[in-house]
Each structure stands twice: as C-alpha cells, then as structure tokens.
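**Q** target38.cif is reproduced in full below (mmCIF, C-alpha atoms and all ligand atoms).
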data_entry
#
loop_
_atom_site.label_atom_id
_atom_site.label_comp_id
_atom_site.auth_asym_id
_atom_site.auth_seq_id
_atom_site.Cartn_x
_atom_site.Cartn_y
_atom_site.Cartn_z
CA THR A 1 1.90 -25.74 3.68
CA HIS A 2 4.12 -22.99 2.24
CA PHE A 3 4.03 -21.49 -1.24
CA GLY A 4 7.38 -22.02 -2.92
CA PHE A 5 6.77 -18.54 -4.20
CA ARG A 6 10.19 -17.79 -5.70
CA ASP A 7 9.88 -20.68 -8.16
CA VAL A 8 6.48 -19.65 -9.47
CA PRO A 9 6.32 -18.04 -12.96
CA ASN A 10 5.26 -14.37 -12.98
CA ASP A 11 1.83 -14.70 -14.61
CA LEU A 12 0.88 -17.44 -12.20
CA LYS A 13 2.32 -15.38 -9.35
CA GLU A 14 0.07 -12.49 -10.31
CA SER A 15 -3.01 -14.69 -10.29
CA LEU A 16 -1.97 -16.19 -6.95
CA VAL A 17 -1.71 -12.69 -5.45
CA ARG A 18 -5.14 -11.88 -6.90
CA GLY A 19 -6.44 -15.07 -5.30
CA VAL A 20 -5.02 -14.17 -1.92
CA PHE A 21 -6.78 -10.81 -1.90
CA SER A 22 -10.03 -12.22 -3.29
CA SER A 23 -10.15 -14.73 -0.48
CA VAL A 24 -9.36 -12.13 2.18
CA ALA A 25 -11.36 -9.16 0.78
CA SER A 26 -14.33 -9.39 3.14
CA SER A 27 -12.28 -10.21 6.25
CA TYR A 28 -9.46 -7.85 5.33
CA ASP A 29 -10.19 -5.00 7.75
CA VAL A 30 -10.80 -7.27 10.73
CA MET A 31 -7.61 -9.20 10.01
CA ASN A 32 -5.54 -6.03 9.69
CA ASP A 33 -6.61 -5.03 13.16
CA ALA A 34 -6.01 -8.47 14.62
CA MET A 35 -2.59 -9.00 13.03
CA SER A 36 -1.20 -5.57 13.83
CA LEU A 37 -3.03 -5.16 17.16
CA GLY A 38 -4.61 -2.06 15.63
CA ILE A 39 -1.22 -0.40 15.03
CA HIS A 40 -1.74 -0.18 11.25
CA ARG A 41 -4.31 2.56 11.95
CA LEU A 42 -1.71 4.66 13.78
CA TRP A 43 0.84 4.10 11.00
CA LYS A 44 -1.70 5.17 8.37
CA ASP A 45 -2.72 8.25 10.40
CA HIS A 46 0.92 9.25 10.70
CA TYR A 47 1.62 8.51 7.02
CA VAL A 48 -1.17 10.82 5.84
CA SER A 49 -0.43 13.57 8.41
CA LYS A 50 3.19 13.59 7.32
CA LEU A 51 2.14 13.80 3.67
CA ASP A 52 -0.20 16.66 4.68
CA PRO A 53 -2.32 16.69 1.49
CA HIS A 54 -4.15 19.94 0.73
CA GLY A 55 -4.61 22.54 -1.98
CA ALA A 56 -6.75 20.92 -4.66
CA LEU A 57 -4.33 18.03 -5.24
CA ARG A 58 -4.91 15.21 -7.68
CA CYS A 59 -3.94 12.07 -5.78
CA LEU A 60 -3.58 8.53 -7.05
CA ASP A 61 -3.86 5.80 -4.41
CA VAL A 62 -2.54 2.59 -5.93
CA ALA A 63 -3.34 -0.81 -4.40
CA GLY A 64 -5.99 1.22 -2.59
CA GLY A 65 -7.83 -1.86 -1.30
CA THR A 66 -10.67 -0.96 1.03
CA GLY A 67 -9.85 2.76 0.96
CA ASP A 68 -7.96 3.35 4.22
CA ILE A 69 -5.57 5.84 2.63
CA ALA A 70 -8.00 7.52 0.21
CA LEU A 71 -10.41 8.24 3.06
CA ARG A 72 -7.67 9.61 5.30
CA ILE A 73 -6.38 11.88 2.51
CA LEU A 74 -9.82 13.39 1.87
CA ASP A 75 -10.56 13.74 5.60
CA HIS A 76 -7.21 15.37 6.27
CA ALA A 77 -7.62 17.94 3.47
CA ARG A 78 -11.18 18.74 4.55
CA THR A 79 -10.80 18.88 8.34
CA ARG A 80 -7.43 20.69 8.44
CA TYR A 81 -7.83 22.97 5.44
CA GLY A 82 -11.51 23.02 4.48
CA ASP A 83 -10.30 21.62 1.16
CA ARG A 84 -13.03 19.86 -0.83
CA ASP A 85 -11.13 20.14 -4.11
CA THR A 86 -8.46 17.54 -3.43
CA SER A 87 -9.41 14.28 -5.11
CA VAL A 88 -8.26 10.68 -4.93
CA HIS A 89 -8.34 8.17 -7.75
CA MET A 90 -8.17 4.69 -6.22
CA VAL A 91 -6.69 1.84 -8.25
CA ASP A 92 -6.49 -1.83 -7.34
CA ILE A 93 -5.77 -4.96 -9.35
CA ASN A 94 -8.47 -6.81 -7.47
CA PRO A 95 -12.12 -5.92 -8.25
CA GLU A 96 -13.32 -7.48 -4.99
CA MET A 97 -11.06 -5.30 -2.84
CA LEU A 98 -12.20 -2.28 -4.86
CA GLU A 99 -15.84 -3.28 -4.26
CA GLU A 100 -15.21 -3.18 -0.50
CA GLY A 101 -13.73 0.30 -0.98
CA LYS A 102 -16.79 1.47 -2.95
CA LYS A 103 -19.15 0.13 -0.28
CA ARG A 104 -17.22 2.01 2.34
CA PHE A 105 -17.19 5.30 0.41
CA ALA A 106 -20.94 4.97 -0.17
CA GLN A 107 -21.33 5.70 3.57
CA THR A 108 -19.34 8.94 3.37
CA MET A 109 -19.93 12.52 2.22
CA TYR A 110 -17.51 11.91 -0.67
CA HIS A 111 -19.86 9.41 -2.31
CA ALA A 112 -20.73 10.35 -5.91
CA THR A 113 -18.61 13.51 -5.81
CA PRO A 114 -15.65 14.37 -8.08
CA GLN A 115 -13.44 13.81 -5.02
CA ILE A 116 -13.32 10.02 -5.42
CA ALA A 117 -12.99 7.60 -8.33
CA PHE A 118 -12.28 3.87 -8.61
CA ASP A 119 -10.52 1.85 -11.26
CA VAL A 120 -9.23 -1.66 -11.64
CA GLY A 121 -5.60 -1.49 -12.75
CA ASN A 122 -2.10 -2.85 -12.36
CA ALA A 123 0.55 -0.76 -10.58
CA GLU A 124 3.12 -1.97 -13.11
CA THR A 125 1.40 -0.28 -16.06
CA LEU A 126 -1.47 2.04 -15.00
CA SER A 127 -2.23 2.15 -18.70
CA GLN A 128 -5.44 4.18 -18.24
CA PHE A 129 -3.47 7.21 -17.01
CA ALA A 130 -1.52 9.68 -19.13
CA ASP A 131 1.99 10.86 -18.24
CA ASN A 132 2.31 13.83 -15.82
CA THR A 133 -1.22 13.52 -14.41
CA PHE A 134 -1.00 13.43 -10.60
CA ASP A 135 0.41 15.61 -7.81
CA VAL A 136 0.63 12.74 -5.32
CA TYR A 137 1.06 8.98 -5.67
CA THR A 138 0.43 6.84 -2.58
CA ILE A 139 0.77 3.10 -2.15
CA SER A 140 0.26 1.59 1.28
CA PHE A 141 1.10 -2.04 2.01
CA GLY A 142 0.74 -2.69 -1.70
CA ILE A 143 4.11 -2.47 -3.39
CA ARG A 144 5.53 -5.65 -1.90
CA ASN A 145 2.75 -7.60 -3.65
CA VAL A 146 3.66 -6.24 -7.06
CA THR A 147 5.53 -8.75 -9.24
CA ASP A 148 7.81 -6.22 -10.95
CA ILE A 149 8.52 -3.52 -8.34
CA PRO A 150 10.99 -1.51 -10.50
CA ALA A 151 8.29 -1.32 -13.22
CA ALA A 152 5.75 -0.03 -10.66
CA LEU A 153 8.21 2.65 -9.50
CA ARG A 154 8.95 3.74 -13.07
CA THR A 155 5.21 3.91 -13.72
CA ALA A 156 4.71 6.03 -10.59
CA HIS A 157 7.33 8.39 -12.01
CA ARG A 158 5.57 8.44 -15.36
CA VAL A 159 2.10 9.36 -14.05
CA LEU A 160 3.32 12.00 -11.58
CA LYS A 161 3.65 15.62 -12.66
CA PRO A 162 7.08 17.24 -12.34
CA GLY A 163 7.29 18.23 -8.67
CA GLY A 164 4.88 15.42 -7.80
CA VAL A 165 5.41 13.34 -4.67
CA LEU A 166 5.69 9.57 -4.35
CA SER A 167 4.85 8.28 -0.88
CA ILE A 168 5.10 4.64 0.11
CA LEU A 169 4.05 2.92 3.33
CA GLU A 170 5.26 -0.66 3.51
CA PHE A 171 6.45 -3.33 5.90
CA SER A 172 10.18 -3.26 6.45
CA HIS A 173 12.71 -5.03 8.66
CA VAL A 174 13.32 -4.76 12.38
CA ASP A 175 16.98 -3.86 12.91
CA ASN A 176 17.39 -4.74 16.62
CA PRO A 177 18.25 -8.49 16.62
CA VAL A 178 16.36 -9.33 19.83
CA LEU A 179 13.20 -7.58 18.68
CA ALA A 180 13.66 -9.08 15.23
CA LYS A 181 13.61 -12.58 16.74
CA ALA A 182 10.45 -11.84 18.73
CA TYR A 183 8.80 -10.33 15.64
CA ASP A 184 9.74 -13.40 13.57
CA LEU A 185 8.19 -15.73 16.10
CA PHE A 186 5.03 -13.63 16.18
CA SER A 187 4.70 -13.39 12.42
CA PHE A 188 5.49 -17.00 11.55
CA ASN A 189 3.41 -18.56 14.31
CA VAL A 190 0.70 -16.17 15.41
CA ILE A 191 -0.35 -14.56 12.12
CA PRO A 192 -1.04 -17.75 10.08
CA GLU A 193 -2.87 -19.11 13.13
CA LEU A 194 -5.00 -15.96 13.36
CA GLY A 195 -5.70 -16.31 9.64
CA HIS A 196 -6.84 -19.85 10.28
CA LEU A 197 -9.03 -18.96 13.27
CA LEU A 198 -10.57 -15.68 12.08
CA ALA A 199 -10.73 -16.19 8.32
CA ALA A 200 -10.37 -19.99 7.94
CA ASP A 201 -7.50 -19.18 5.61
CA ARG A 202 -4.04 -20.09 6.84
CA ASP A 203 -2.30 -20.11 3.43
CA SER A 204 -3.19 -16.55 2.46
CA TYR A 205 -1.80 -15.23 5.71
CA GLN A 206 1.26 -17.45 5.41
CA TYR A 207 1.80 -15.82 2.02
CA LEU A 208 1.48 -12.35 3.55
CA VAL A 209 4.15 -13.15 6.15
CA GLU A 210 6.50 -14.51 3.50
CA SER A 211 5.97 -11.49 1.26
CA ILE A 212 7.05 -9.25 4.16
CA ARG A 213 10.20 -11.36 4.64
CA ARG A 214 11.17 -11.14 0.96
CA PHE A 215 10.73 -7.37 0.67
CA PRO A 216 14.10 -5.51 0.47
CA PRO A 217 15.57 -3.71 3.50
CA ALA A 218 14.81 0.03 3.71
CA GLU A 219 18.27 1.16 2.49
CA LYS A 220 18.01 -1.00 -0.59
CA PHE A 221 14.43 0.02 -1.29
CA ALA A 222 15.39 3.72 -1.07
CA GLN A 223 17.98 3.05 -3.78
CA MET A 224 15.37 1.32 -5.96
CA ILE A 225 13.25 4.49 -5.70
CA ARG A 226 16.25 6.59 -6.78
CA ASP A 227 16.90 4.18 -9.66
CA ALA A 228 13.36 4.83 -10.94
CA GLY A 229 14.29 8.51 -11.31
CA PHE A 230 13.08 10.00 -8.03
CA GLU A 231 14.91 12.44 -5.81
CA VAL A 232 15.20 10.92 -2.32
CA ALA A 233 16.53 12.83 0.70
CA GLU A 234 20.15 11.95 1.50
CA GLU A 235 19.85 12.69 5.24
CA GLU A 236 16.65 10.78 5.99
CA PRO A 237 15.80 8.64 2.97
CA PHE A 238 13.04 6.85 4.95
CA GLU A 239 11.30 6.83 8.32
CA ARG A 240 11.13 3.62 10.35
CA LEU A 241 7.88 3.01 12.25
CA THR A 242 7.66 0.80 15.38
CA TRP A 243 11.26 -0.54 15.42
CA GLY A 244 11.24 -0.85 11.64
CA ILE A 245 8.24 -3.18 11.34
CA ALA A 246 7.03 -0.66 8.74
CA ALA A 247 8.64 2.31 6.98
CA ILE A 248 7.65 5.40 5.01
CA HIS A 249 9.60 6.24 1.84
CA ASN A 250 9.13 9.51 -0.04
CA GLY A 251 10.49 10.62 -3.38
CA VAL A 252 10.01 13.65 -5.61
CA LYS A 253 9.84 13.69 -9.40
CA LEU A 254 12.01 16.60 -10.48
N1 LIG A 301 -3.72 0.21 0.60
C1 LIG A 301 -4.63 -0.59 1.41
C2 LIG A 301 -4.26 -0.49 2.87
O1 LIG A 301 -3.22 0.10 3.18
O2 LIG A 301 -5.00 -1.00 3.71
C3 LIG A 301 -4.67 -2.04 0.94
C4 LIG A 301 -3.42 -2.83 1.10
S1 LIG A 301 -3.61 -4.56 0.71
C5 LIG A 301 -2.49 -5.29 1.86
C6 LIG A 301 -2.75 -4.79 -0.80
C7 LIG A 301 -3.57 -4.48 -2.03
O3 LIG A 301 -2.69 -4.50 -3.16
C8 LIG A 301 -4.67 -5.47 -2.34
O4 LIG A 301 -5.90 -4.79 -2.39
C9 LIG A 301 -4.28 -6.05 -3.69
O5 LIG A 301 -5.37 -6.38 -4.51
C10 LIG A 301 -3.45 -4.93 -4.27
N2 LIG A 301 -2.49 -5.28 -5.34
C11 LIG A 301 -1.66 -6.35 -5.38
N3 LIG A 301 -0.92 -6.32 -6.50
C12 LIG A 301 -1.27 -5.20 -7.19
C13 LIG A 301 -0.87 -4.62 -8.44
N4 LIG A 301 0.08 -5.18 -9.20
N5 LIG A 301 -1.45 -3.46 -8.83
C14 LIG A 301 -2.41 -2.88 -8.08
N6 LIG A 301 -2.85 -3.38 -6.89
C15 LIG A 301 -2.28 -4.53 -6.45
#
What does the file become when written as structure tokens?

**A**
Amino acid sequence: THFGFRDVPNDLKESLVRGVFSSVASSYDVMNDAMSLGIHRLWKDHYVSKLDPHGALRCLDVAGGTGDIALRILDHARTRYGDRDTSVHMVDINPEMLEEGKKRFAQTMYHATPQIAFDVGNAETLSQFADNTFDVYTISFGIRNVTDIPAALRTAHRVLKPGGVLSILEFSHVDNPVLAKAYDLFSFNVIPELGHLLAADRDSYQYLVESIRRFPPAEKFAQMIRDAGFEVAEEEPFERLTWGIAAIHNGVKL
C-alpha cells in the first residue's frame, strides 16, 4: 500500500508524519544503519566537521530526533577546541523521538549541563524562540518532512542572529542516470522490505522513500534557501555526498 500523500490535507499530513516517527522512534537508529549501510554516520561526521562548530556558539538543532547531530556538535567543539561553552538546543515535533534523544544524552558528560536542552516544537514556527537568538541552525534529514518548507526556512532566518549560519543535511537526487536507476530499485524494493523485516512496519518506510523522491533537486532547493533571505555561495551552492544521494546546503543570514 502507498500513501497518496500529495492529496492529503496539511493538518492530516502533519499528524501522519508524526505517526511515522512515533512508530519508528525506538527502531530508528537500527533502521538508519540498515537502510544506509551505515553511510549516514559518515555523512553526519562530514557535515559536522565541515560546519566546524566552536567558540561558545549557540546552536539550534531542529528535527533533532535521537540526537545524532547535537552530540556530534558538542563532541567536535570539545575534542578539537576544548570548548565546553558551545551549546545545542534540540527541537523536534515528536515527543517520542525527543525522548530517545534525552535517554541517549543521559549517558553522556553533557547530561544536565547548560550545553544541552530539549524542546518539542515545529520547524515552521519555532514560536518559543525569539528573533536573532542562534549562531547556528542545523537540520539533518528533517526538512523534507516539514509540510511548509518555505515557512521553515523563513523561520530559520528569523531565529538566527545576523551572521548566523544555516546548515542543512538532506537526501537529494542522484544525477548519473545509471546509478539513479540502481538507487531507485534499492530504495523502492529493499528499504520497505527492510522496514517490514526489522521493524514490522512497511508503510512508514515506504513513506520515507516517497518523501525522498518528492524533495526538490539540489539546484532548486538552493534557490528556495536564497528566497528565504539567505546568502548562498554562487560557486558551490551545495555539496553532493555519495553521487548525490544526500547533499549539504549552507546559507548565511546577512
Ligand atoms: N536529525 C536526526 C538525524 O539526522 O538522525 C533525525 C532525523 S529524522 C529522519 C526526522 C525528524 O524530523 C523526526 O524526528 C521527526 O519527528 C522530525 N520532524 C518532522 N517534521 C517536523 C517539524 N515540522 N518540525 C520539527 N521536527 C520535525
């Protein structure tokens, strides 16, 4: 069965997305490894190294999920720079995903320090945060799930300080046609099947595959970031990872 997702009204769509992540919350980390053959870890390592957070930054990690990015940011600042003043505020629309993140942080040295905070919230509004609050805004494999992506980008611009950096890691599109065909076969056949076998949940993983398909190509997404008011490099507006399966987009609020 496939969701006819385009035809679904927005409020229902939002609750469907919530449902998907509630049903996958506990199996989420295992499934990430299985579906990406562990490659998502390398992408995330590269994403945070490239961002190179340090110097008592206030970071906001939206759609933070189980904390993969927040933890990497704090570890990077501490191990490379001895920086224990950089902090990450994690936000997710789904309390169950956030719970998994809290459990994970409880095992780390950041637990119950000012370096980490958690909040339920919607990327489209982030109504609990004032304008010009953060130095860095990250969102990793989250923005394609947001119903109104332009609203989320405008909100990112609102909560960042002038000079603040927006950094997005998201699935993208393979440009080589032969590889694209192979990737399509893998994602439409193998991933829902893995979802069925490992998490007894074919539909949620079918949804994930379809959401990747619907997400705009990198060139178009870079323009959407510009349209929200960000400065994006003309020369290299994005970086493709692994043939374009994923991409990193950065923007600066001037
Ligand atoms: N950032 C983590 C990572 O890279 O592993 C988690 C990514 S997970 C694929 C997507 C997350 O986006 C889920 O935790 C989901 O609850 C969250 N999400 C979906 N829509 C959202 C929204 N409108 N606002 C905030 N979070 C949202």

**Q** Let me have the centre and edge lengths of the axis-aligned box enclosing all listed atoms of ligand LIG 301 (chain A) with 8 Å padding on every side, in Å to one decimal, as JSON.

**A**
{"center_x": -2.9, "center_y": -3.1, "center_z": -2.7, "size_x": 22.0, "size_y": 22.6, "size_z": 28.9}

**Q** Please write out the residues within 7 Å of ligand LIG 301 (chain A) as a ChimeraX atom specification, counting only C-alpha atoms and all ligand atoms.

**A** /A:17-18,21,62-69,91-94,97,121-124,139-142,145-147

**Q** What's the separation between atom CA of Arg84 of chain A and atom CA of Glu100 of chain A, in Å to one decimal place?

**A**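 Rounded to one decimal, the two atoms are 23.1 Å apart.
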
**Q** Which of these residues is nearest to Glu219 of chain A, using only C-alpha atoms: A:Leu198, A:Leu60, A:Ile248, A:Val120?

**A** A:Ile248

**Q** Which distance in Å separates atom CA of Phe221 of chain A and atom CA of Lys253 of chain A, to one decimal?

**A**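 Atom-to-atom, atom CA of Phe221 of chain A and atom CA of Lys253 of chain A are spaced 16.5 Å apart.
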
**Q** So which one's closest to Arg214 of chain A, A:Trp243, A:Gly55, A:Leu179, A:Arg144? Using only C-alpha atoms, please.

**A**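 Ranked by minimum distance to Arg214 of chain A, first place goes to A:Arg144.
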
**Q** Just give me the gap between atom CA of Lys102 of chain A and atom CA of Met90 of chain A in Å, one decimal is fine.

**A** 9.8 Å

**Q** Given the choices A:Ala151, A:Asp184, A:Asp203, A:Phe118, which gets closest to Asp227 of chain A if the distance is worked out from only C-alpha atoms?

**A** A:Ala151

**Q** Excluding same-chain residues fewer than 5 positions from segment 71-80 of chain A, what lies within 12 Å of it counting only C-alpha atoms, as number ranges by chain?

**A** A: 41-61, 64-66, 85-90, 101-102, 104-111, 113-117, 136-138, 140

**Q** Those residues with C-alpha atoms, as a PDB file, keeping the file's coordinate frame please?

**A**
ATOM      1  CA  ARG A  41      -4.310   2.560  11.950  1.00  0.00           C
ATOM      2  CA  LEU A  42      -1.710   4.660  13.780  1.00  0.00           C
ATOM      3  CA  TRP A  43       0.840   4.100  11.000  1.00  0.00           C
ATOM      4  CA  LYS A  44      -1.700   5.170   8.370  1.00  0.00           C
ATOM      5  CA  ASP A  45      -2.720   8.250  10.400  1.00  0.00           C
ATOM      6  CA  HIS A  46       0.920   9.250  10.700  1.00  0.00           C
ATOM      7  CA  TYR A  47       1.620   8.510   7.020  1.00  0.00           C
ATOM      8  CA  VAL A  48      -1.170  10.820   5.840  1.00  0.00           C
ATOM      9  CA  SER A  49      -0.430  13.570   8.410  1.00  0.00           C
ATOM     10  CA  LYS A  50       3.190  13.590   7.320  1.00  0.00           C
ATOM     11  CA  LEU A  51       2.140  13.800   3.670  1.00  0.00           C
ATOM     12  CA  ASP A  52      -0.200  16.660   4.680  1.00  0.00           C
ATOM     13  CA  PRO A  53      -2.320  16.690   1.490  1.00  0.00           C
ATOM     14  CA  HIS A  54      -4.150  19.940   0.730  1.00  0.00           C
ATOM     15  CA  GLY A  55      -4.610  22.540  -1.980  1.00  0.00           C
ATOM     16  CA  ALA A  56      -6.750  20.920  -4.660  1.00  0.00           C
ATOM     17  CA  LEU A  57      -4.330  18.030  -5.240  1.00  0.00           C
ATOM     18  CA  ARG A  58      -4.910  15.210  -7.680  1.00  0.00           C
ATOM     19  CA  CYS A  59      -3.940  12.070  -5.780  1.00  0.00           C
ATOM     20  CA  LEU A  60      -3.580   8.530  -7.050  1.00  0.00           C
ATOM     21  CA  ASP A  61      -3.860   5.800  -4.410  1.00  0.00           C
ATOM     22  CA  GLY A  64      -5.990   1.220  -2.590  1.00  0.00           C
ATOM     23  CA  GLY A  65      -7.830  -1.860  -1.300  1.00  0.00           C
ATOM     24  CA  THR A  66     -10.670  -0.960   1.030  1.00  0.00           C
ATOM     25  CA  ASP A  85     -11.130  20.140  -4.110  1.00  0.00           C
ATOM     26  CA  THR A  86      -8.460  17.540  -3.430  1.00  0.00           C
ATOM     27  CA  SER A  87      -9.410  14.280  -5.110  1.00  0.00           C
ATOM     28  CA  VAL A  88      -8.260  10.680  -4.930  1.00  0.00           C
ATOM     29  CA  HIS A  89      -8.340   8.170  -7.750  1.00  0.00           C
ATOM     30  CA  MET A  90      -8.170   4.690  -6.220  1.00  0.00           C
ATOM     31  CA  GLY A 101     -13.730   0.300  -0.980  1.00  0.00           C
ATOM     32  CA  LYS A 102     -16.790   1.470  -2.950  1.00  0.00           C
ATOM     33  CA  ARG A 104     -17.220   2.010   2.340  1.00  0.00           C
ATOM     34  CA  PHE A 105     -17.190   5.300   0.410  1.00  0.00           C
ATOM     35  CA  ALA A 106     -20.940   4.970  -0.170  1.00  0.00           C
ATOM     36  CA  GLN A 107     -21.330   5.700   3.570  1.00  0.00           C
ATOM     37  CA  THR A 108     -19.340   8.940   3.370  1.00  0.00           C
ATOM     38  CA  MET A 109     -19.930  12.520   2.220  1.00  0.00           C
ATOM     39  CA  TYR A 110     -17.510  11.910  -0.670  1.00  0.00           C
ATOM     40  CA  HIS A 111     -19.860   9.410  -2.310  1.00  0.00           C
ATOM     41  CA  THR A 113     -18.610  13.510  -5.810  1.00  0.00           C
ATOM     42  CA  PRO A 114     -15.650  14.370  -8.080  1.00  0.00           C
ATOM     43  CA  GLN A 115     -13.440  13.810  -5.020  1.00  0.00           C
ATOM     44  CA  ILE A 116     -13.320  10.020  -5.420  1.00  0.00           C
ATOM     45  CA  ALA A 117     -12.990   7.600  -8.330  1.00  0.00           C
ATOM     46  CA  VAL A 136       0.630  12.740  -5.320  1.00  0.00           C
ATOM     47  CA  TYR A 137       1.060   8.980  -5.670  1.00  0.00           C
ATOM     48  CA  THR A 138       0.430   6.840  -2.580  1.00  0.00           C
ATOM     49  CA  SER A 140       0.260   1.590   1.280  1.00  0.00           C
TER      50      SER A 140
END

**Q** Which residue is closest to Arg213 of chain A? Choose from A:Lys181, A:His196, A:His249, A:His173 and count all atoms listed in the file.

**A**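 Of all the options, A:His173 lies closest to Arg213 of chain A.
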
**Q** Write out as a VMD selection string each polymer residue whose atoms come within 9 Å of Pro162 of chain A, counting only C-alpha atoms; drop sequence neighbours fewer than 6 positions from it.

**A** chain A and resid 132 135 252 to 254

**Q** Give the answer as one residue: which of A:Pro192, A:Ala228, A:Ile168, A:Ser211 has the shortest atom-to-atom distance to Asn250 of chain A, using all atoms listed in the file?

**A**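 Answer, going by the shortest atom-to-atom distance: A:Ile168.
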
**Q** Between A:Val159, A:Ala233, A:Val209, A:Ile143, which has the minimum distance to Val190 of chain A (counting all atoms listed in the file)?

**A** A:Val209

**Q** Find the residues with any atom within 12 Å of (-9.5, -10.9, 11.6); use all atoms listed in the file and the coordinates as given in the file, and write the answer as a PyMOL selection string.

**A** chain A and resi 24-38+191-202+205

**Q** Using all atoms listed in the file, can you list as a list of chain:residue names the residues within 10 Å of (9.1, -2.1, 17.1)?

**A**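 Residues with an atom close enough to that point: A:His173, A:Val174, A:Asp175, A:Asn176, A:Leu179, A:Ala180, A:Ala182, A:Tyr183, A:Arg240, A:Leu241, A:Thr242, A:Trp243, A:Gly244, A:Ile245, A:Ala246.
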
**Q** Write a file for segment 105-118 of chain A of the given structure; include N, CA and C atoms and format it as a PDB file, in the first residue's frame.

**A**
ATOM      1  N   PHE A 105      21.403  11.218  25.701  1.00  0.00           N
ATOM      2  CA  PHE A 105      22.252  12.241  26.332  1.00  0.00           C
ATOM      3  C   PHE A 105      22.486  11.953  27.811  1.00  0.00           C
ATOM      4  N   ALA A 106      21.550  11.211  28.421  1.00  0.00           N
ATOM      5  CA  ALA A 106      21.709  10.867  29.836  1.00  0.00           C
ATOM      6  C   ALA A 106      22.958  10.011  30.072  1.00  0.00           C
ATOM      7  N   GLN A 107      23.453   9.370  29.008  1.00  0.00           N
ATOM      8  CA  GLN A 107      24.659   8.533  29.110  1.00  0.00           C
ATOM      9  C   GLN A 107      25.940   9.326  28.855  1.00  0.00           C
ATOM     10  N   THR A 108      25.808  10.629  28.594  1.00  0.00           N
ATOM     11  CA  THR A 108      26.990  11.399  28.201  1.00  0.00           C
ATOM     12  C   THR A 108      27.366  12.421  29.262  1.00  0.00           C
ATOM     13  N   MET A 109      28.542  12.997  29.114  1.00  0.00           N
ATOM     14  CA  MET A 109      29.036  14.036  30.039  1.00  0.00           C
ATOM     15  C   MET A 109      28.258  15.345  29.912  1.00  0.00           C
ATOM     16  N   TYR A 110      27.426  15.464  28.871  1.00  0.00           N
ATOM     17  CA  TYR A 110      26.677  16.709  28.676  1.00  0.00           C
ATOM     18  C   TYR A 110      25.372  16.727  29.469  1.00  0.00           C
ATOM     19  N   HIS A 111      25.013  15.547  29.983  1.00  0.00           N
ATOM     20  CA  HIS A 111      23.755  15.392  30.720  1.00  0.00           C
ATOM     21  C   HIS A 111      23.646  16.419  31.851  1.00  0.00           C
ATOM     22  N   ALA A 112      22.489  17.083  31.904  1.00  0.00           N
ATOM     23  CA  ALA A 112      22.205  18.060  32.969  1.00  0.00           C
ATOM     24  C   ALA A 112      23.228  19.187  33.038  1.00  0.00           C
ATOM     25  N   THR A 113      23.805  19.553  31.899  1.00  0.00           N
ATOM     26  CA  THR A 113      24.664  20.737  31.827  1.00  0.00           C
ATOM     27  C   THR A 113      23.962  21.779  30.951  1.00  0.00           C
ATOM     28  N   PRO A 114      24.425  23.038  30.999  1.00  0.00           N
ATOM     29  CA  PRO A 114      23.825  24.066  30.132  1.00  0.00           C
ATOM     30  C   PRO A 114      24.140  23.829  28.655  1.00  0.00           C
ATOM     31  N   GLN A 115      24.924  22.784  28.352  1.00  0.00           N
ATOM     32  CA  GLN A 115      25.288  22.555  26.957  1.00  0.00           C
ATOM     33  C   GLN A 115      24.166  21.937  26.126  1.00  0.00           C
ATOM     34  N   ILE A 116      23.166  21.346  26.792  1.00  0.00           N
ATOM     35  CA  ILE A 116      22.117  20.680  26.008  1.00  0.00           C
ATOM     36  C   ILE A 116      20.725  20.964  26.574  1.00  0.00           C
ATOM     37  N   ALA A 117      19.784  21.215  25.671  1.00  0.00           N
ATOM     38  CA  ALA A 117      18.390  21.424  26.073  1.00  0.00           C
ATOM     39  C   ALA A 117      17.483  20.781  25.033  1.00  0.00           C
ATOM     40  N   PHE A 118      16.271  20.443  25.449  1.00  0.00           N
ATOM     41  CA  PHE A 118      15.314  19.753  24.575  1.00  0.00           C
ATOM     42  C   PHE A 118      13.976  20.467  24.597  1.00  0.00           C
TER      43      PHE A 118
END
